[in-house]
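Trainee: Below is a structure I'd like to ask you about.
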Protein chains: 4
Amino acid sequence: MAEQRHHGNRHGRSEDARRAVLQAADDLLVEKGFAGVTIEGVASAAGVAKQTIYRWWGSKTDILLDTFLEDAARDLAPQEHETLAEDLRAHLRRLADFLTTNDAGAVFKALIGHAQHDAAFGERLRTQYLEEQRQRDRAPLDRAIERGELPADVDVPAAVDLLVGPIYHRVLMTGDPVDDRFIDMLVEHFLLSYELGHSEPRGSS
Amino acid sequence: MAEQRHHGNRHGRSEDARRAVLQAADDLLVEKGFAGVTIEGVASAAGVAKQTIYRWWGSKTDILLDTFLEDAARDLAPQEHETLAEDLRAHLRRLADFLTTNDAGAVFKALIGHAQHDAAFGERLRTQYLEEQRQRDRAPLDRAIERGELPADVDVPAAVDLLVGPIYHRVLMTGDPVDDRFIDMLVEHFLLSYELGHSEPRGSS
Amino acid sequence: MAEQRHHGNRHGRSEDARRAVLQAADDLLVEKGFAGVTIEGVASAAGVAKQTIYRWWGSKTDILLDTFLEDAARDLAPQEHETLAEDLRAHLRRLADFLTTNDAGAVFKALIGHAQHDAAFGERLRTQYLEEQRQRDRAPLDRAIERGELPADVDVPAAVDLLVGPIYHRVLMTGDPVDDRFIDMLVEHFLLSYELGHSEPRGSS
Amino acid sequence: MAEQRHHGNRHGRSEDARRAVLQAADDLLVEKGFAGVTIEGVASAAGVAKQTIYRWWGSKTDILLDTFLEDAARDLAPQEHETLAEDLRAHLRRLADFLTTNDAGAVFKALIGHAQHDAAFGERLRTQYLEEQRQRDRAPLDRAIERGELPADVDVPAAVDLLVGPIYHRVLMTGDPVDDRFIDMLVEHFLLSYELGHSEPRGSS
DNA sequence: GGATAAGCGAGACGGTACGTCTCGTCTTGTG
DNA sequence: CACAAGACGAGACGTACCGTCTCGCTTATCC
């Protein structure tokens, strides 16, 4: 059943308009930064009337959140590996890559930035992104517990904080690169603290 | 010898005006949020002309940065304790408190938020706050190395990331409280990963 | 079919807003003088956004010019009398009244004043007001030539200068009243110089 | 006897500063127009402090009035000729030249323009320039009456209006050039209306 | 000849208005 | 009935000058 294209009619919203808006917002963000994203600018770049945007989104950050959720669902789909160490390294590597790539990373920073200014938006961001993401983050740990690689009484949410916290910290605050060395170190320290030490990161030791 | 008060003369700026602006910006931020801080609003609340603000600051975030730096210098002055565990717990406790109290915390979040939207400002924030702060953060570790409590080859900056990262993560992203339990857990894991385990946090457990 | 009122739509400007702006500008001018007419003041008094003013007018003098042109078209519509003397006296009387009444006169002086400060505006004023007005001024003379009351080779534009010059001079420079005596004198001298002397102004003498 | 130069002392103002201010105001007016004359601009161009200007003048138009009065006193000093016709032609010629030359004319227009916007200033302009000027304007007529060239009962002020009105009209309103032809025409009509006709302007006819 | 006081250059100050930008709302045809 | 178009009221932006003020320096005069 083919996509229905329409420019204003009585059969619901235009998918063309929706995609054009998301794309335009993304482009403007990458090109001119957050302040360069204005509703008027997006409308004009998308070839869409302002009212069409206001009909479907509440603010420019809502638009960006939509693009971000699409990207996250696409790029952060879970994978599985054999050992906890491998699983963690692969997962954190993908997370770090996602947060620092051009488009998704820029949108992410913009959203987190805005969340600091607007508590209600922060709450929405948490509900729509973070909660899901934390499910993905804990999966390797849950599997390790199932396999007996980790004790059953591990406080998984806290453990997730220990693992992803330093990554977000680098992305949002210090700006230092999140390279493989850093991720290896992170995983190794984590495992050591559970006395699972010497996980033998890639380059032996 | 008393402070010289003046209302504009060749000896430079009015200290009254400076303080009034910082105070007004802080008040407005806490009261109405980041979007409620406007140059016009600050000027009016401070009883100061807009031009006086533009003469000395480049933007509203510059004003907030000034108030934040004053607060940080006041509230984050270093302290020393006898053991690494105590030192770390006390230090992280104070950091967490600072980042979550009403005024300083609100300003901090606003600044970090804005830094996500404006790379140049992010760089300034790093230079003027983060670098100093990282000196304060590493002090307990440096002292522990001197005392022989930690091996001399510890990668101190990376260790700092492990310790403060999860705290900033909670403050900026999850919104979870940074309570004593969390800090104890953080420190314990950190020490365990250096095989200094069982630091016996406050309440045994 | 009634006037269509609208508050902004694709069919162009709001007539309500237009009238409110003209009225507010006029009121402010009479009440507080030229310096008291500010775009912000007009906007506020008219209950209109500044941008609406800038959308349709380029400056405060453009607004005043609009009100003036409407007034002039209404108040200076031509009339005809039987003899040149009567025609001239009536016409000059109406012109003088127009230039010295409260509203139109105040606007006129403001515009002429501004034209001295802004050559481009002067040019516009000449195109939009003066040229038409000179047509109205010369009409009595043209009719007199047709009737044979004046020789056919009279330099009409120069004659107009002789007649209206002294009136504008009093209005703009000396501030002396332009009373009937002055107008009679003006007309009499004019006619005498064409040896049509003793036009017997109202009060004999 | 040398000029006393001083930069601040207890005995009165600096002549240097005064001249620099007048010159700077004049230059700015010619170069950038009336709106380009600002107190700050004059002060800066004259190398003078704002306060020095405010100490001696009340507004920018006061400065311009000072330069204008100096120019007028220099350029409009009276002269005498043998016949009324010659006297008038020479006098009006000089007046017209004065009003249309670059510097003095520009200042004159600026002042007259401002007088339309500020009645109090208009009054001052009348007192300090116009009254004197009208004395100079009537001198040729007074001399003609003395010589018997004109009847003793001529209304001299009204006659002055007839003569200079059209000139000011051209300068301030129409922008038409005030050439010799126009002045000859003006004088001839004036004389004809006193039945002194055919004054034989320069080039016969 | 040291104190005094007015005029000066400098420039920060509290203000007002400028002209621009974007917001979010609205009204009106069109498809 | 969603859409493109775009005028509208609102209000903050950053700039330009306003007129006032304090300051420290430079003289000319006076004690």
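Identifiers in the structure tokens: chain A, B, ... in order shown; residue index from 1 per chain; ligand index from 1 in order shown.
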Please provide as a PyMOL selection string all residues within 10 Å of Thr174 (chain D), with the sequence filter that same-chain residues fewer than 5 positions apart are discarded (counting only C-alpha atoms (C1' of nucleotides)).

Mentor: (chain C and resi 122-123+125-126+130-131+134+161) or (chain D and resi 168-169)

Trainee: Mind checking DSSP for chain D and telling me the alpha helix (DSSP H) residues as JSON, numbers by chain?

Mentor: {"D": [15, 16, 17, 18, 19, 20, 21, 22, 23, 24, 25, 26, 27, 28, 29, 30, 31, 32, 39, 40, 41, 42, 43, 44, 45, 46, 50, 51, 52, 53, 54, 55, 56, 60, 61, 62, 63, 64, 65, 66, 67, 68, 69, 70, 71, 72, 73, 74, 75, 84, 85, 86, 87, 88, 89, 90, 91, 92, 93, 94, 95, 96, 97, 98, 99, 100, 102, 103, 104, 105, 106, 107, 108, 109, 110, 111, 112, 113, 114, 115, 116, 117, 119, 120, 121, 122, 123, 124, 125, 131, 132, 133, 134, 135, 136, 137, 138, 139, 140, 141, 142, 143, 144, 145, 146, 147, 156, 157, 158, 159, 160, 161, 162, 163, 164, 165, 166, 167, 168, 169, 180, 181, 182, 183, 184, 185, 186, 187, 188, 189, 190, 191, 192, 193]}

Trainee: Any idea what's packed within 12 Å of Leu162 (chain C), counting only C-alpha atoms (C1' of nucleotides), ignoring anything in its chain fewer than 2 positions away? Could you give it as a PyMOL selection string?

Mentor: (chain C and resi 92+137-138+155-160+164-169+186-191+193) or (chain D and resi 161-170+182-183+185-190)

Trainee: Report, in Å to a single decimal, how far apart CA of Thr67 (chain C) and CA of Ala20 (chain C) are.

Mentor: 11.1 Å

Trainee: For a quick test of understanding: name the residues of chain E lying within 8 Å of chain D when counting only C-alpha atoms (C1' of nucleotides), and present them as a PyMOL selection string.

Mentor: chain E and resi 5-10

Trainee: List the neighbours of Tyr54 (chain C) out to 12 Å using only C-alpha atoms (C1' of nucleotides); skip same-chain residues closer than 3 positions along the sequence, and give me the result as a PyMOL selection string.

Mentor: (chain C and resi 18+21+39-40+42-43+48-51+57-60+62-63) or (chain E and resi 18-20)
